[in-house]
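Report on one structure; see the data block that follows.
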Amino acid sequence: MIAAAVAALSLLVPQQLDQIVRDGTPGVEAHVHGRDLARGNAPLGGQVRIGSITKSFVAVATLKLVAEGKVSLDEPVNRFVPHVADRRITVRQVLQHTSGLPDYVIQVGVPKIADVRDRYFAPHELLDAALAQPVSFQPGEKYGYSNTNYVVAGLLIQKVTGRPVGEALDGVIRKAGLKDTYWPGQGEQRIRGRHAQAFALSDLLDPKSKVVDATDMETSAAWASGAMVSTPRDVAKFFKALLGGELLPKAQLDEMRKTVAVDEKSAYGLGLESTELSCGGVWWGHGGSIHGWASLGGATDGGKSAAITLTALPGTFGDDPAKKFQQVFDVVDTALCKK
């Protein structure tokens, strides 16, 4: 009976992926139960844009500098990024989205893909667009997700190392043993390896706008908040290595897992989010959305890991975005709850 139950559960994830495609998404790729799966237009083991999962890599690179004694989590981020004039804002608050820094995304035109697809943004352009707005709240007052925080973190890494942020992320990639993950070079619009065609609304704020090909694009508007390319297999491997203590000393991993509440089921640490499992306990990981792609990945303390990517953001083809995002979370939950 136990064997039959496990077999039935192992069939559930493929069924969930089939349903995601039937509900309007052109393709879905996942890494669950130690194997790659793909449906629709997604190739098996294909590269994807992972969006804000990039933040977890940036947080690890920052915490490596903390472990080396070059940065303190509770010192003013202004020491490294003078443009952030409020000396109350700490490095920890930037990594935890409790800084109150406003998001730059609307101001630089990210919702309209035509405004960013071929345009290069320097990191300070993104930061200047954010700082031209009123603060969202006072530092440390509450949690408020803002991509600006990780632009600041990227600039901090560059200030401390004296090198491009991509080199620090390359170090994290190598340490995690990832084979298909990379930081795009300046102006690099095409994905290097085998990949699906990705689709997006021409205006993310208008659900009735035209659907366009979003496969090739300049990602400097995301920069350290979301520019990386990977695969579901590599994302799952990264979070497993991180939770397994392979990427950071215990003291820094413990800091990464100190959280503030996001909602009743999830909490955010330093570039790492915890989410309750339906079978009890939590999993640790991150989600990511960028024109054409929606991803989610993570791992448990017990060593289980999973990741999934859609080849269109929920809502692109008239589907219910809330339902589709829930389906994505359900796939990860099912995979990580498997006995």
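Convention: chains lettered A, B, ... in structure tokens order; per-chain residue numbering from 1; ligands numbered from 1 as shown.
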
key: For Ser220 in chain A: contacts at 9 Å, only C-alpha atoms, fewer than 5 positions along chain excluded, given as a PyMOL selection string   = chain A and resi 116+119-123+186-187+226-227

Closest-contact table, range 99-190 of chain A side, partner range 261-277 of chain A, 12 Å, counting only C-alpha atoms, as JSON lines:
```
{"residue": "A:Lys142", "atom": "CA", "partner": "A:Ala261", "partner_atom": "CA", "distance": 8.8}
{"residue": "A:Tyr143", "atom": "CA", "partner": "A:Val262", "partner_atom": "CA", "distance": 6.9}
{"residue": "A:Gly144", "atom": "CA", "partner": "A:Val262", "partner_atom": "CA", "distance": 8.5}
{"residue": "A:Tyr145", "atom": "CA", "partner": "A:Val262", "partner_atom": "CA", "distance": 9.3}
{"residue": "A:Ser146", "atom": "CA", "partner": "A:Gly271", "partner_atom": "CA", "distance": 11.7}
{"residue": "A:Asn147", "atom": "CA", "partner": "A:Gly271", "partner_atom": "CA", "distance": 11.3}
{"residue": "A:Asn149", "atom": "CA", "partner": "A:Gly271", "partner_atom": "CA", "distance": 10.3}
{"residue": "A:Tyr150", "atom": "CA", "partner": "A:Gly271", "partner_atom": "CA", "distance": 9.0}
{"residue": "A:Ala153", "atom": "CA", "partner": "A:Gly271", "partner_atom": "CA", "distance": 10.6}
```

Selection: 10 Å around Arg39 in chain A, only C-alpha atoms, excl. self and same-chain fewer than 4 positions, as a ChimeraX atom specification = /A:14,17-21,25-30,43-44,310

inquiry  = Taking the DSSP secondary structure from the backbone, can you list the residues of range 48-122 of chain A that are alpha helix (DSSP H), as an NGL selection string?
reply    = :A and (54-67 or 91-96 or 113-116)

Pick out the residues sitting within 9 Å of Val32 in chain A, and hand them over as a tab-separated table (two decimals) with N, CA and C atoms, in the first residue's frame; count only C-alpha atoms, and ignore anything fewer than 3 positions along from it in its own chain.
```tsv
chain	number	residue	atom	x	y	z
A	13	VAL	N	2.98	15.14	-10.03
A	13	VAL	CA	3.67	16.30	-10.60
A	13	VAL	C	3.51	16.35	-12.12
A	35	ARG	N	14.79	14.54	-11.35
A	35	ARG	CA	14.78	14.41	-12.82
A	35	ARG	C	14.13	15.63	-13.46
A	36	ASP	N	14.50	15.84	-14.73
A	36	ASP	CA	13.93	16.95	-15.49
A	36	ASP	C	12.63	16.52	-16.15
A	37	LEU	N	11.68	17.44	-16.19
A	37	LEU	CA	10.41	17.22	-16.86
A	37	LEU	C	10.10	18.45	-17.71
A	232	PRO	N	15.99	24.86	-14.40
A	232	PRO	CA	15.37	24.35	-13.17
A	232	PRO	C	16.28	23.38	-12.40
A	233	ARG	N	17.02	22.56	-13.13
A	233	ARG	CA	17.94	21.62	-12.45
A	233	ARG	C	18.99	22.38	-11.64
A	236	ALA	N	17.42	24.12	-8.53
A	236	ALA	CA	17.20	23.16	-7.45
A	236	ALA	C	18.52	22.78	-6.78
A	304	LYS	N	15.67	17.73	0.12
A	304	LYS	CA	14.83	17.67	-1.08
A	304	LYS	C	14.87	19.02	-1.78
A	305	SER	N	14.78	19.02	-3.10
A	305	SER	CA	14.81	20.27	-3.84
A	305	SER	C	13.94	20.15	-5.08
A	306	ALA	N	13.48	21.29	-5.57
A	306	ALA	CA	12.64	21.32	-6.77
A	306	ALA	C	12.66	22.71	-7.36
A	307	ALA	N	12.37	22.80	-8.66
A	307	ALA	CA	12.26	24.10	-9.33
A	307	ALA	C	11.39	23.95	-10.55
A	308	ILE	N	10.76	25.07	-10.95
A	308	ILE	CA	9.84	25.07	-12.08
A	308	ILE	C	9.91	26.42	-12.77
A	331	VAL	N	3.11	22.61	-7.46
A	331	VAL	CA	4.09	21.67	-8.00
A	331	VAL	C	5.28	21.53	-7.05
A	332	VAL	N	5.80	22.66	-6.57
A	332	VAL	CA	6.93	22.61	-5.65
A	332	VAL	C	6.53	21.93	-4.35
A	335	ALA	N	6.32	18.17	-4.88
A	335	ALA	CA	7.65	17.57	-5.02
A	335	ALA	C	8.37	17.47	-3.69
A	336	LEU	N	8.28	18.52	-2.86
A	336	LEU	CA	9.02	18.54	-1.60
A	336	LEU	C	8.33	17.76	-0.50
```

request  = Could you jot down the CA of Lys240 in chain A to CA of Thr90 in chain A separation for me, Å, one decimal place?
outcome  =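 Computing the Euclidean distance for CA of Lys240 in chain A and CA of Thr90 in chain A yields 28.1 Å.
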
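The shortest atom-to-atom distance to Pro82 in chain A, with only C-alpha atoms taken into account, belongs to A:His124 out of A:Lys55, A:Lys64, A:Lys323, A:His124.
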
request  = Fewer than 2 positions away in the same chain doesn't count, so skip those; otherwise give me all residues within 9 Å of Lys324 in chain A, counting only C-alpha atoms, as a count of residues only.
outcome  = 14

request  = Pick out the residues sitting within 12 Å of range 126-134 of chain A, and hand them over as an MDAnalysis selection string; count only C-alpha atoms, and ignore anything fewer than 3 positions along from it in its own chain.
outcome  = chainID A and resid 81:86 100:110 120:123 137:138 146:155 220:225

Selected residue, from A:Gly185, A:Gly171, A:Gly292, A:Gly280, that lies nearest to Leu201 in chain A when counting only C-alpha atoms =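 Nearest to Leu201 in chain A: A:Gly292.
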
inquiry  = Neighbouring residues of Phe57 in chain A were defined as those with any atom within 9 Å, considering only C-alpha atoms; residues of the same chain fewer than 2 positions away were excluded. Please report them as a ChimeraX atom specification.
reply    = /A:53-55,59-62,169,172-173,238,271

Atoms to include: N, CA, C and O atoms. Write the selected residues as a PDB file, in the first residue's frame.
```pdb
ATOM      1  N   ILE A  53      15.069  35.113  -8.700  1.00  0.00           N
ATOM      2  CA  ILE A  53      15.882  34.088  -8.041  1.00  0.00           C
ATOM      3  C   ILE A  53      17.336  34.558  -8.016  1.00  0.00           C
ATOM      4  O   ILE A  53      18.128  34.143  -7.162  1.00  0.00           O
ATOM      5  N   THR A  54      17.673  35.465  -8.930  1.00  0.00           N
ATOM      6  CA  THR A  54      18.984  36.127  -8.922  1.00  0.00           C
ATOM      7  C   THR A  54      19.283  36.707  -7.543  1.00  0.00           C
ATOM      8  O   THR A  54      20.444  36.716  -7.090  1.00  0.00           O
ATOM      9  N   LYS A  55      18.271  37.207  -6.854  1.00  0.00           N
ATOM     10  CA  LYS A  55      18.474  37.833  -5.547  1.00  0.00           C
ATOM     11  C   LYS A  55      19.104  36.874  -4.547  1.00  0.00           C
ATOM     12  O   LYS A  55      19.908  37.285  -3.700  1.00  0.00           O
ATOM     13  N   ALA A  59      22.501  37.655  -2.604  1.00  0.00           N
ATOM     14  CA  ALA A  59      22.568  37.599  -1.139  1.00  0.00           C
ATOM     15  C   ALA A  59      23.716  36.711  -0.680  1.00  0.00           C
ATOM     16  O   ALA A  59      24.442  37.054   0.257  1.00  0.00           O
ATOM     17  N   VAL A  60      23.898  35.566  -1.335  1.00  0.00           N
ATOM     18  CA  VAL A  60      25.008  34.674  -0.983  1.00  0.00           C
ATOM     19  C   VAL A  60      26.343  35.383  -1.210  1.00  0.00           C
ATOM     20  O   VAL A  60      27.253  35.319  -0.366  1.00  0.00           O
ATOM     21  N   ALA A  61      26.483  36.078  -2.340  1.00  0.00           N
ATOM     22  CA  ALA A  61      27.730  36.803  -2.623  1.00  0.00           C
ATOM     23  C   ALA A  61      27.991  37.876  -1.573  1.00  0.00           C
ATOM     24  O   ALA A  61      29.137  38.094  -1.159  1.00  0.00           O
ATOM     25  N   THR A  62      26.924  38.551  -1.122  1.00  0.00           N
ATOM     26  CA  THR A  62      27.079  39.576  -0.092  1.00  0.00           C
ATOM     27  C   THR A  62      27.473  38.957   1.244  1.00  0.00           C
ATOM     28  O   THR A  62      28.371  39.460   1.946  1.00  0.00           O
ATOM     29  N   LEU A 169      29.139  36.711  -8.685  1.00  0.00           N
ATOM     30  CA  LEU A 169      28.100  35.707  -8.910  1.00  0.00           C
ATOM     31  C   LEU A 169      28.687  34.476  -9.598  1.00  0.00           C
ATOM     32  O   LEU A 169      28.274  33.347  -9.306  1.00  0.00           O
ATOM     33  N   VAL A 172      29.920  32.222  -6.941  1.00  0.00           N
ATOM     34  CA  VAL A 172      28.844  31.450  -6.309  1.00  0.00           C
ATOM     35  C   VAL A 172      28.429  30.291  -7.211  1.00  0.00           C
ATOM     36  O   VAL A 172      28.238  29.154  -6.748  1.00  0.00           O
ATOM     37  N   ILE A 173      28.304  30.572  -8.501  1.00  0.00           N
ATOM     38  CA  ILE A 173      27.916  29.540  -9.468  1.00  0.00           C
ATOM     39  C   ILE A 173      28.915  28.398  -9.468  1.00  0.00           C
ATOM     40  O   ILE A 173      28.540  27.215  -9.445  1.00  0.00           O
ATOM     41  N   PHE A 238      21.264  24.591  -6.649  1.00  0.00           N
ATOM     42  CA  PHE A 238      21.753  25.743  -5.898  1.00  0.00           C
ATOM     43  C   PHE A 238      21.126  25.805  -4.510  1.00  0.00           C
ATOM     44  O   PHE A 238      21.830  25.955  -3.499  1.00  0.00           O
ATOM     45  N   GLY A 271      17.430  37.420   1.120  1.00  0.00           N
ATOM     46  CA  GLY A 271      17.416  36.825  -0.213  1.00  0.00           C
ATOM     47  C   GLY A 271      16.916  35.402  -0.226  1.00  0.00           C
ATOM     48  O   GLY A 271      17.182  34.648  -1.167  1.00  0.00           O
TER      49      GLY A 271
END
```
